[in-house]
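The file run-v7.txt comes next; it holds compact mmCIF, C-alpha atoms.
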```txt
# COMPACT_ATOMS: atom_id res chain seq x y z
CA MET A 698 -209.11 61.48 121.94
CA GLN A 699 -212.06 60.06 123.83
CA TRP A 700 -212.21 57.10 121.43
CA VAL A 701 -208.52 56.43 122.11
CA ASN A 702 -209.08 56.41 125.88
CA TRP A 703 -212.16 54.31 125.57
CA SER A 704 -210.54 51.75 123.24
CA ASP A 705 -207.41 51.63 125.42
CA ALA A 706 -209.49 50.88 128.48
CA LEU A 707 -211.47 48.20 126.64
CA LEU A 708 -208.31 46.64 125.23
CA GLN A 709 -206.72 46.42 128.66
CA PHE A 710 -209.91 45.04 130.19
CA LEU A 711 -210.17 42.30 127.51
CA TRP A 712 -206.46 41.51 127.78
CA VAL A 713 -206.49 41.15 131.58
CA SER A 714 -209.84 39.33 131.78
CA SER A 715 -208.81 36.87 129.03
CA ASN A 716 -205.77 36.06 131.09
CA VAL A 717 -207.80 35.57 134.24
CA LEU A 718 -210.14 33.25 132.30
CA LEU A 719 -207.15 31.35 130.91
CA LEU A 720 -205.79 30.89 134.39
CA GLY A 721 -209.22 29.56 135.44
CA LEU A 722 -209.18 27.25 132.43
CA GLY A 723 -205.79 25.90 133.51
CA VAL A 724 -207.22 25.14 136.95
CA VAL A 725 -210.26 23.42 135.39
CA LEU A 726 -208.00 21.29 133.16
CA TRP A 727 -205.89 20.32 136.15
CA ARG A 728 -208.72 19.60 138.60
CA ARG A 729 -210.74 17.54 136.11
CA GLY A 730 -207.68 15.60 135.02
CA LEU A 731 -208.18 16.77 131.44
CA TYR A 732 -204.48 17.64 131.15
CA ARG A 733 -203.87 13.90 130.73
CA GLU A 734 -206.22 13.78 127.72
CA PHE A 735 -205.07 17.09 126.25
CA PRO A 736 -201.48 17.66 127.44
CA CYS A 737 -200.58 19.94 124.57
CA PHE A 738 -203.65 22.10 125.08
CA PHE A 739 -202.79 22.33 128.78
CA ALA A 740 -199.25 23.42 127.89
CA TYR A 741 -200.68 25.94 125.41
CA VAL A 742 -202.98 27.47 128.06
CA LEU A 743 -200.14 27.79 130.59
CA PHE A 744 -197.85 29.23 127.94
CA GLU A 745 -200.46 31.82 126.90
CA VAL A 746 -200.89 32.89 130.53
CA ALA A 747 -197.12 33.33 130.96
CA GLU A 748 -196.82 35.09 127.59
CA ASN A 749 -199.61 37.55 128.34
CA ILE A 750 -198.25 38.37 131.80
CA LEU A 751 -194.78 38.98 130.32
CA LEU A 752 -196.14 41.16 127.51
CA TYR A 753 -198.40 43.10 129.87
CA VAL A 754 -195.50 43.82 132.23
CA LEU A 755 -193.33 44.95 129.30
CA PHE A 756 -196.19 47.10 128.01
CA LYS A 757 -196.74 48.73 131.39
CA THR A 758 -193.01 49.33 132.08
CA ARG A 759 -192.80 51.08 128.69
CA VAL A 760 -189.82 49.20 127.27
CA SER A 761 -188.64 50.26 123.82
CA GLY A 762 -190.78 49.28 120.82
CA ASN A 763 -187.99 47.06 119.49
CA HIS A 764 -187.60 45.08 122.70
CA TYR A 765 -191.34 44.57 122.92
CA ALA A 766 -191.44 43.42 119.28
CA TYR A 767 -188.64 40.88 119.86
CA VAL A 768 -190.45 39.30 122.80
CA PHE A 769 -193.78 39.43 120.98
CA ALA A 770 -192.34 37.68 117.91
CA ALA A 771 -190.54 34.98 119.90
CA THR A 772 -193.64 34.14 121.96
CA LEU A 773 -195.85 34.26 118.87
CA LEU A 774 -193.72 31.64 117.08
CA LEU A 775 -193.84 29.34 120.12
CA SER A 776 -197.60 29.86 120.35
CA ILE A 777 -198.01 28.87 116.68
CA ALA A 778 -196.02 25.67 117.27
CA LEU A 779 -198.14 24.79 120.30
CA ARG A 780 -201.36 25.40 118.32
CA PHE A 781 -200.21 22.82 115.76
CA GLY A 782 -199.68 20.43 118.66
CA VAL A 783 -203.22 21.10 119.90
CA ILE A 784 -204.63 20.43 116.41
CA ASP A 785 -202.76 17.12 116.26
CA GLU A 786 -204.15 16.24 119.70
CA VAL A 787 -207.73 17.01 118.61
CA SER A 788 -207.35 14.91 115.44
CA LYS A 789 -206.08 11.93 117.46
CA ASN A 790 -208.99 12.32 119.84
CA LEU A 791 -211.50 12.53 116.98
CA PHE A 792 -210.27 9.46 115.11
CA ARG A 793 -209.27 7.34 118.09
CA GLU A 794 -212.22 4.98 117.96
CA SER A 795 -211.76 3.81 114.37
CA GLN A 796 -208.75 1.95 113.07
CA PHE A 797 -209.83 2.60 109.48
CA LEU A 798 -210.14 6.35 110.00
CA LYS A 799 -206.82 6.59 111.82
CA VAL A 800 -205.11 5.53 108.59
CA ALA A 801 -207.47 7.07 106.00
CA ALA A 802 -207.90 10.39 107.80
CA ARG A 803 -204.18 10.76 108.48
CA ARG A 804 -203.44 10.36 104.77
CA SER A 805 -206.17 12.80 103.75
CA LEU A 806 -205.06 15.32 106.36
CA GLN A 807 -201.47 15.10 105.19
CA ALA A 808 -202.64 15.90 101.66
CA ILE A 809 -204.83 18.77 102.91
CA SER A 810 -201.97 20.13 105.04
CA GLY A 811 -199.64 20.14 102.02
CA LEU A 812 -202.24 21.94 99.93
CA LEU A 813 -203.04 24.49 102.65
CA LEU A 814 -199.37 25.12 103.28
CA GLY A 815 -198.91 25.94 99.59
CA VAL A 816 -201.93 28.28 99.57
CA GLY A 817 -200.89 29.81 102.91
CA VAL A 818 -197.37 30.57 101.72
CA LEU A 819 -198.69 32.01 98.46
CA LEU A 820 -201.28 34.25 100.12
CA ALA A 821 -198.94 35.30 102.92
CA VAL A 822 -196.23 36.32 100.48
CA LEU A 823 -198.58 38.04 98.03
CA ALA A 824 -200.48 40.03 100.67
CA PRO A 825 -198.57 43.19 101.53
CA GLY A 826 -197.50 43.84 105.12
CA ASN A 827 -197.98 47.01 107.13
CA THR A 828 -194.60 47.08 108.78
CA SER A 829 -191.27 48.51 107.79
CA ALA A 830 -189.08 46.23 109.92
CA ARG A 831 -187.97 43.36 107.71
CA TRP A 832 -187.61 40.65 110.34
CA PHE A 833 -191.01 41.52 111.82
CA ALA A 834 -192.56 41.35 108.35
CA GLY A 835 -191.12 37.81 108.11
CA VAL A 836 -192.76 36.83 111.39
CA THR A 837 -196.07 38.27 110.15
CA VAL A 838 -195.80 36.22 106.95
CA VAL A 839 -195.21 33.04 108.97
CA ASN A 840 -198.14 33.88 111.21
CA ARG A 841 -200.50 34.47 108.26
CA GLY A 842 -199.46 31.22 106.61
CA ALA A 843 -199.86 29.31 109.87
CA ALA A 844 -203.30 30.86 110.48
CA MET A 845 -204.35 29.77 106.99
CA VAL A 846 -203.17 26.17 107.52
CA GLN A 847 -204.62 25.93 111.03
CA THR A 848 -208.02 27.33 110.01
CA GLY A 849 -208.14 24.94 107.05
CA LEU A 850 -207.25 21.93 109.18
CA LEU A 851 -209.84 22.73 111.84
CA LEU A 852 -212.52 23.26 109.19
CA SER A 853 -211.53 19.96 107.56
CA PHE A 854 -212.12 18.16 110.88
CA LEU A 855 -215.62 19.62 111.08
CA LEU A 856 -216.45 18.81 107.46
CA PHE A 857 -214.94 15.30 107.65
CA SER A 858 -216.84 14.48 110.80
CA ARG A 859 -220.10 15.73 109.32
CA PHE A 860 -219.56 13.80 106.09
CA LEU A 861 -218.67 10.55 107.86
CA GLY A 862 -221.31 10.85 110.58
CA MET A 863 -218.72 11.01 113.36
CA SER A 864 -219.79 12.19 116.78
CA TRP A 865 -217.49 14.58 118.60
CA ARG A 866 -216.58 14.41 122.26
CA ARG A 867 -217.77 17.64 123.84
CA HIS A 868 -214.31 18.68 125.11
CA ALA A 869 -212.52 18.11 121.79
CA PHE A 870 -215.30 19.98 119.96
CA GLY A 871 -215.00 22.95 122.31
CA ILE A 872 -211.23 23.14 121.84
CA THR A 873 -211.64 22.93 118.04
CA LEU A 874 -214.35 25.57 118.00
CA GLY A 875 -212.40 28.05 120.13
CA LEU A 876 -209.15 27.57 118.25
CA GLY A 877 -210.97 27.74 114.91
CA ILE A 878 -212.63 31.05 115.80
CA MET A 879 -209.30 32.46 116.95
CA THR A 880 -207.36 31.45 113.83
CA SER A 881 -210.10 32.57 111.42
CA VAL A 882 -210.37 36.00 113.11
CA ASP A 883 -206.56 36.21 113.00
CA LEU A 884 -206.64 35.47 109.28
CA ALA A 885 -209.29 38.09 108.52
CA THR A 886 -207.63 40.78 110.64
CA TYR A 887 -204.21 40.14 109.06
CA GLY A 888 -205.84 40.63 105.66
CA LEU A 889 -207.47 43.88 106.81
CA GLY A 890 -204.23 44.99 108.48
CA ALA A 891 -202.42 44.65 105.18
CA GLU A 892 -204.97 46.94 103.51
CA PHE A 893 -205.64 49.55 106.19
CA VAL A 894 -202.45 50.79 107.77
CA SER A 895 -203.66 53.89 109.64
CA TRP A 896 -203.18 54.11 113.42
CA GLY A 897 -206.94 54.06 114.01
CA TRP A 898 -207.37 50.84 112.05
CA THR A 899 -204.43 49.20 113.81
CA ARG A 900 -206.03 49.96 117.18
CA PHE A 901 -209.38 48.64 115.99
CA LEU A 902 -207.81 45.41 114.69
CA ASN A 903 -205.86 44.92 117.95
CA LEU A 904 -209.12 45.31 119.80
CA THR A 905 -210.81 42.77 117.51
CA ILE A 906 -208.06 40.16 118.00
CA THR A 907 -208.06 40.63 121.78
CA GLY A 908 -211.87 40.46 121.82
CA ALA A 909 -211.80 37.24 119.77
CA PHE A 910 -209.31 35.76 122.22
CA PHE A 911 -211.65 36.65 125.09
CA VAL A 912 -214.56 34.94 123.30
CA CYS A 913 -212.45 31.82 122.58
CA THR A 914 -211.32 31.55 126.19
CA SER A 915 -214.95 31.79 127.30
CA ILE A 916 -215.89 29.02 124.83
CA TRP A 917 -213.13 26.75 126.17
CA ILE A 918 -214.24 27.37 129.75
CA ARG A 919 -217.87 26.69 128.81
CA TYR A 920 -217.12 23.40 127.04
CA LEU A 921 -214.48 22.09 129.45
CA MET A 922 -216.40 22.93 132.62
CA VAL A 923 -219.30 20.73 131.59
CA PRO A 924 -218.59 17.01 132.02
CA GLU A 925 -218.81 14.69 129.01
CA PRO A 926 -222.45 13.58 128.79
CA LYS A 927 -223.25 9.95 129.46
CA PRO A 928 -224.97 8.12 126.58
CA LEU A 929 -228.67 8.74 126.97
CA SER A 930 -231.40 6.44 125.77
CA VAL A 931 -233.19 8.19 122.93
CA THR A 932 -234.25 5.14 121.01
CA VAL A 933 -235.90 2.33 122.86
CA VAL A 934 -237.02 -0.34 120.48
CA PRO A 935 -239.29 -3.21 121.45
CA ASP A 936 -238.06 -6.77 120.78
CA GLU A 937 -240.78 -7.47 118.20
CA GLU A 938 -239.65 -4.53 116.13
CA VAL A 939 -236.01 -5.60 116.30
CA GLU A 940 -237.14 -9.00 115.03
CA THR A 941 -238.99 -7.36 112.12
CA TRP A 942 -235.82 -5.45 111.19
CA ASN A 943 -233.76 -8.60 111.40
CA LYS A 944 -236.16 -10.31 108.98
CA GLU A 945 -235.95 -7.32 106.65
CA PHE A 946 -232.17 -7.50 106.62
CA GLN A 947 -232.08 -11.24 106.11
CA HIS A 948 -234.40 -10.67 103.17
CA LEU A 949 -232.11 -7.90 101.88
CA LEU A 950 -229.01 -10.06 102.16
CA ARG A 951 -230.64 -12.98 100.36
CA GLN A 952 -231.61 -10.81 97.37
CA MET B 1104 -204.34 43.83 97.29
CA ILE B 1105 -206.51 40.99 96.00
CA ALA B 1106 -204.60 38.48 98.15
CA ALA B 1107 -205.33 40.55 101.27
CA TRP B 1108 -209.06 40.55 100.51
CA VAL B 1109 -208.89 36.79 99.84
CA LEU B 1110 -207.49 36.38 103.36
CA VAL B 1111 -210.36 38.44 104.77
CA ALA B 1112 -212.94 36.43 102.78
CA VAL B 1113 -211.43 33.07 103.82
CA GLY B 1114 -211.26 34.14 107.47
CA LEU B 1115 -214.86 35.37 107.59
CA SER B 1116 -216.21 32.34 105.69
CA ALA B 1117 -214.38 30.00 108.09
CA LEU B 1118 -215.85 31.91 111.01
CA ALA B 1119 -219.37 31.56 109.60
CA ILE B 1120 -218.92 27.80 109.04
CA LEU B 1121 -217.59 27.33 112.57
CA LEU B 1122 -220.52 29.18 114.11
CA TYR B 1123 -222.95 27.16 111.98
CA ALA B 1124 -221.25 23.91 113.08
CA ALA B 1125 -221.45 25.00 116.72
CA LEU B 1126 -225.18 25.63 116.45
CA ARG B 1127 -225.85 22.41 114.53
CA SER B 1128 -223.82 20.21 116.87
CA ARG B 1129 -226.24 20.66 119.74
CA THR B 1130 -228.59 17.84 118.82
CA ARG B 1131 -227.37 14.99 116.67
CA PRO B 1132 -228.20 11.80 118.55
CA GLY B 1133 -227.83 8.45 116.79
CA ASP B 1134 -231.22 7.23 115.72
CA LEU B 1135 -231.33 3.52 114.91
CA GLU B 1136 -234.78 3.76 113.40
CA ARG B 1137 -233.66 6.39 110.88
CA ALA B 1138 -230.59 4.31 110.01
CA VAL B 1139 -232.69 1.22 109.42
CA GLN B 1140 -235.19 3.13 107.32
CA ALA B 1141 -232.38 4.59 105.25
CA PHE B 1142 -230.99 1.11 104.60
CA ARG B 1143 -234.45 -0.32 103.93
CA ALA B 1144 -235.18 2.37 101.35
CA LEU B 1145 -232.40 1.15 99.06
CA ASP B 1146 -233.04 -1.55 96.48
CA ILE B 1147 -229.59 -3.12 96.36
CA GLN B 1148 -230.55 -5.49 93.51
CA ALA B 1149 -231.50 -2.54 91.33
CA PHE B 1150 -228.18 -0.86 92.12
CA ARG B 1151 -226.35 -4.08 91.21
CA ASN B 1152 -228.11 -4.13 87.83
CA LEU B 1153 -227.26 -0.49 87.17
CA VAL B 1154 -223.53 -1.04 87.63
CA ASP B 1155 -223.42 -4.52 86.08
CA PHE B 1156 -220.74 -4.76 83.37
CA SER B 1157 -222.50 -7.54 81.44
CA GLU B 1158 -225.68 -5.44 81.22
CA GLU B 1159 -223.66 -2.51 79.95
CA ALA B 1160 -221.91 -4.71 77.39
CA PHE B 1161 -225.29 -6.05 76.25
CA LEU B 1162 -226.66 -2.52 75.77
CA ARG B 1163 -223.49 -1.43 73.98
CA ASP B 1164 -223.79 -4.35 71.55
CA HIS B 1165 -227.49 -3.94 70.81
CA LEU B 1166 -228.04 -0.19 70.72
CA PRO B 1167 -226.88 2.52 68.32
CA PRO B 1168 -223.99 4.52 69.90
CA ARG B 1169 -226.04 7.68 70.44
CA LYS B 1170 -228.90 5.83 72.10
CA PHE B 1171 -226.42 3.82 74.18
CA ARG B 1172 -224.72 6.99 75.47
CA ALA B 1173 -228.07 8.52 76.45
CA ILE B 1174 -229.12 5.38 78.30
CA LYS B 1175 -225.74 4.97 79.96
CA ARG B 1176 -225.91 8.54 81.18
CA GLN B 1177 -229.31 7.88 82.77
CA ARG B 1178 -228.13 4.61 84.33
CA ALA B 1179 -225.00 6.27 85.73
CA TRP B 1180 -227.07 9.12 87.18
CA ALA B 1181 -229.52 6.68 88.79
CA ALA B 1182 -226.61 4.67 90.22
CA PHE B 1183 -225.04 7.91 91.51
CA LEU B 1184 -228.26 8.72 93.36
CA TYR B 1185 -228.21 5.22 94.88
CA ALA B 1186 -224.59 5.69 95.98
CA TRP B 1187 -225.49 9.08 97.45
CA GLU B 1188 -228.35 7.59 99.48
CA ALA B 1189 -226.17 4.64 100.56
CA GLY B 1190 -223.63 7.19 101.80
CA ARG B 1191 -226.25 9.02 103.82
CA ALA B 1192 -227.46 5.75 105.27
CA ALA B 1193 -223.85 4.92 106.17
CA ALA B 1194 -223.47 8.24 108.00
CA GLN B 1195 -226.64 7.45 109.97
CA LEU B 1196 -225.33 3.99 110.78
CA ALA B 1197 -221.97 5.43 111.87
CA MET B 1198 -223.73 7.63 114.43
CA VAL B 1199 -225.76 4.70 115.74
CA GLY B 1200 -222.64 2.51 115.85
CA GLN B 1201 -220.65 5.10 117.80
CA ALA B 1202 -223.50 5.55 120.26
CA ALA B 1203 -223.80 1.78 120.70
CA GLN B 1204 -220.02 1.62 121.15
CA ARG B 1205 -220.43 3.53 124.42
CA SER B 1206 -223.05 1.09 125.73
CA SER B 1207 -222.38 -0.59 129.05
CA ASP B 1208 -223.36 -3.92 127.48
CA PRO B 1209 -220.13 -5.37 125.98
CA THR B 1210 -222.03 -7.23 123.23
CA ILE B 1211 -223.75 -4.08 122.02
CA ALA B 1212 -220.52 -2.09 122.39
CA ALA B 1213 -218.60 -4.60 120.24
CA SER B 1214 -221.34 -4.67 117.59
CA GLY B 1215 -221.46 -0.88 117.65
CA ALA B 1216 -217.71 -0.62 117.05
CA GLN B 1217 -217.99 -3.02 114.11
CA ALA B 1218 -221.01 -1.19 112.71
CA ALA B 1219 -219.26 2.18 112.93
CA GLU B 1220 -216.11 0.83 111.28
CA ASN B 1221 -218.11 -0.71 108.42
CA ALA B 1222 -220.17 2.45 108.05
CA PHE B 1223 -217.03 4.62 107.73
CA ARG B 1224 -215.67 2.29 105.05
CA LEU B 1225 -218.99 2.33 103.21
CA ARG B 1226 -219.14 6.13 103.37
CA VAL B 1227 -215.67 6.48 101.87
CA GLN B 1228 -216.49 3.92 99.16
CA THR B 1229 -219.69 5.72 98.23
CA LEU B 1230 -217.57 8.83 97.70
CA ARG B 1231 -215.20 6.99 95.36
CA ALA B 1232 -218.12 5.32 93.57
CA GLY B 1233 -219.86 8.70 93.23
CA VAL B 1234 -216.83 10.19 91.48
CA ILE B 1235 -216.65 7.25 89.04
CA LEU B 1236 -220.39 7.39 88.36
CA LEU B 1237 -220.33 11.14 87.78
CA ALA B 1238 -217.54 10.57 85.26
CA GLY B 1239 -219.92 8.10 83.58
CA VAL B 1240 -222.64 10.79 83.45
CA LEU B 1241 -220.29 13.36 81.93
CA LEU B 1242 -218.41 11.00 79.57
CA PRO B 1243 -220.78 8.14 78.74
CA GLY B 1244 -218.70 7.01 75.77
CA LEU B 1245 -215.81 5.92 77.97
CA GLN B 1246 -215.46 2.35 79.17
CA SER B 1247 -216.85 2.17 82.71
CA ARG B 1248 -214.37 1.70 85.53
CA PRO B 1249 -215.22 -0.90 88.16
CA ILE B 1250 -217.13 0.48 91.13
CA PRO B 1251 -215.23 -0.21 94.38
CA ALA B 1252 -216.73 -3.09 96.35
CA LEU B 1253 -219.68 -0.94 97.29
CA VAL B 1254 -222.35 -3.62 97.27
CA ASP B 1255 -220.24 -5.97 99.43
CA GLN B 1256 -219.55 -3.17 101.88
CA TYR B 1257 -223.22 -2.22 101.91
CA GLU B 1258 -224.15 -5.78 102.79
CA ARG B 1259 -221.51 -5.94 105.50
CA SER B 1260 -222.89 -2.72 106.98
CA ALA B 1261 -226.43 -4.07 106.87
CA GLU B 1262 -225.20 -7.21 108.62
CA THR B 1263 -223.64 -5.23 111.45
CA LEU B 1264 -226.83 -3.27 111.87
CA PHE B 1265 -228.52 -6.64 112.19
CA LEU B 1266 -225.90 -7.58 114.82
CA ILE B 1267 -226.68 -4.50 116.91
CA GLY B 1268 -230.32 -5.57 116.81
CA ARG B 1269 -229.44 -9.13 117.83
CA GLY B 1270 -227.09 -8.00 120.57
CA SER B 1271 -229.87 -6.04 122.16
CA SER B 1272 -232.75 -8.40 121.60
CA GLY B 1273 -232.88 -9.39 125.26
CA SER B 1274 -235.71 -8.39 127.45
CA ARG B 1275 -234.90 -4.66 127.26
CA GLY B 1276 -234.89 -4.18 123.57
CA LEU B 1277 -232.34 -1.78 122.11
CA GLU B 1278 -231.12 1.36 123.83
CA VAL B 1279 -228.54 3.53 122.17
CA ALA B 1280 -227.38 7.15 121.71
```
What do you get writing this file as structure tokens?
Amino acid sequence: MQWVNWSDALLQFLWVSSNVLLLGLGVVLWRRGLYREFPCFFAYVLFEVAENILLYVLFKTRVSGNHYAYVFAATLLLSIALRFGVIDEVSKNLFRESQFLKVAARRSLQAISGLLLGVGVLLAVLAPGNTSARWFAGVTVVNRGAAMVQTGLLLSFLLFSRFLGMSWRRHAFGITLGLGIMTSVDLATYGLGAEFVSWGWTRFLNLTITGAFFVCTSIWIRYLMVPEPKPLSVTVVPDEEVETWNKEFQHLLRQ
Amino acid sequence: MIAAWVLVAVGLSALAILLYAALRSRTRPGDLERAVQAFRALDIQAFRNLVDFSEEAFLRDHLPPRKFRAIKRQRAWAAFLYAWEAGRAAAQLAMVGQAAQRSSDPTIAASGAQAAENAFRLRVQTLRAGVILLAGVLLPGLQSRPIPALVDQYERSAETLFLIGRGSSGSRGLEVA
């Protein structure tokens, strides 16, 4: 009983404080003008604030389980769509400085998306659900598949950029990191939720997802509060040395 | 049941990679000196010889098939290592190019953009070349496929690195990252 009270209190604390942080994040995005660079992310943040307030009010007014589930499912599907928009925004930001990568990366990402979608659908359908309501099971399947595709895409960005030697802008990296943590925790908890269906486990997994959301919001605040660093001079090379390199390269090209 | 555990494994592995990436991303400044050293370390003439079709044809004509396959395997492996190193050098150059791209000096910024673009192309070509060369290691009896214009791209990348140097060879020397 004590565990239930304690976990309830923690869940509500994380839920409310995540929302307060999100609201703060919205203000930061607005005041720093970052909503122009990341309009979809800005829309996502505002939507999440509105969604959480609506769900919290419904939760507190003790509406029927069915009504709550309808609202939850509808807002979840919109949230998934907005997350895809944010991922597209991050990819445009990452590849914006190279004409070659804009084309090459888009093609590769299309192929990866197709592959991930196939794997996501397969895993989502094969993994059993923990709910008896058919329509809600369908929403869960869509959510699992989307989490799989989104996690894969965000990881691909990180691996691509590392392989190609691309440098991230701090803000885009923060958004990717936060969203990546959220979708990967979602994926793992949906897997666990399919296996462990007891009430205690469901509470624990709810707590984990809400905690992950709190962590992600903190990461976004941390990365978006700090301004983009100006290029610093880390390599200062004397003229004579530049000349030596130039000679070396002329020699190399004549070989 | 297995699918559910696969989801858990994928989710946790992704989480671990993301946390690793977050920790690693703290300090990765572009270092021109490292890029130049990486390019200097490669003997492009030796690489050219290793992937030269006429050399391969000569060896094929003058060696017994078994001996030829063994030698071709070694040559393909050596060429693969060259391509691998060229790829790493390209990644270094890409970082330098992107840092130079943000320079306040328009000449350096333009050279940086060109260097980064060439480095990205070279990196992708080293990947394609690596796949072809690995196929040569595994199946030495097959006729070699042409390596994508790796050497040309390598030289173009080296030229742009040279341009960054020239662009900055005023009184200040070169400042990037």
Interatomic distance, CA of Leu1122 (chain B) to CA of Ala1197 (chain B) (Å, one decimal):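 These atoms are spaced 23.9 Å apart.
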Excluding region 1226-1231 of chain B and any residue of its chain fewer than 3 positions from it, enumerate the residues within 7 Å of it, using only C-alpha atoms, and give them as an MDAnalysis selection string. (chainID A and resid 861) or (chainID B and resid 1186:1187 1189:1190 1193:1194 1222:1223 1234:1235 1251 1253)
Store the residues of this selection in a file with C-alpha atoms, as a PDB file, in the frame of the given file.
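The resulting selection_1.pdb:
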```
ATOM      1  CA  LEU A 861    -218.670  10.550 107.860  1.00  0.00           C
TER       2      LEU A 861
ATOM      3  CA  ALA B1186    -224.590   5.690  95.980  1.00  0.00           C
ATOM      4  CA  TRP B1187    -225.490   9.080  97.450  1.00  0.00           C
ATOM      5  CA  ALA B1189    -226.170   4.640 100.560  1.00  0.00           C
ATOM      6  CA  GLY B1190    -223.630   7.190 101.800  1.00  0.00           C
ATOM      7  CA  ALA B1193    -223.850   4.920 106.170  1.00  0.00           C
ATOM      8  CA  ALA B1194    -223.470   8.240 108.000  1.00  0.00           C
ATOM      9  CA  ALA B1222    -220.170   2.450 108.050  1.00  0.00           C
ATOM     10  CA  PHE B1223    -217.030   4.620 107.730  1.00  0.00           C
ATOM     11  CA  VAL B1234    -216.830  10.190  91.480  1.00  0.00           C
ATOM     12  CA  ILE B1235    -216.650   7.250  89.040  1.00  0.00           C
ATOM     13  CA  PRO B1251    -215.230  -0.210  94.380  1.00  0.00           C
ATOM     14  CA  LEU B1253    -219.680  -0.940  97.290  1.00  0.00           C
TER      15      LEU B1253
END
```
Please identify every residue of region 1165-1251 of chain B that has at least one atom no farther than 8 Å from an atom of region 1138-1146 of chain B, counting all atoms listed in the file, and for each give the shortest atom pair and the distance in Å to one decimal, arranged by chain then increasing number, as JSON lines.
```
{"residue": "B:Tyr1185", "atom": "CA", "partner": "B:Leu1145", "partner_atom": "CA", "distance": 7.2}
{"residue": "B:Glu1188", "atom": "CA", "partner": "B:Leu1145", "partner_atom": "CA", "distance": 7.6}
{"residue": "B:Ala1189", "atom": "CA", "partner": "B:Phe1142", "partner_atom": "CA", "distance": 7.2}
{"residue": "B:Arg1191", "atom": "CA", "partner": "B:Ala1141", "partner_atom": "CA", "distance": 7.7}
{"residue": "B:Ala1192", "atom": "CA", "partner": "B:Ala1141", "partner_atom": "CA", "distance": 5.1}
{"residue": "B:Ala1193", "atom": "CA", "partner": "B:Ala1138", "partner_atom": "CA", "distance": 7.8}
{"residue": "B:Gln1195", "atom": "CA", "partner": "B:Ala1138", "partner_atom": "CA", "distance": 5.0}
{"residue": "B:Leu1196", "atom": "CA", "partner": "B:Ala1138", "partner_atom": "CA", "distance": 5.3}
{"residue": "B:Val1199", "atom": "CA", "partner": "B:Ala1138", "partner_atom": "CA", "distance": 7.5}
```
When you draw a straight line from CA of Val846 (chain A) to CA of Val816 (chain A), how long is it in Å?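 Rounded to one decimal, the two atoms are 8.3 Å apart.
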Rank nothing, just name the residue among B:Arg1151, B:Arg1176, B:Ser1206, B:Glu1159 nearest to chain A, using all atoms listed in the file.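 Of B:Arg1151, B:Arg1176, B:Ser1206, B:Glu1159, the one nearest chain A is B:Ser1206, counting all atoms listed in the file.
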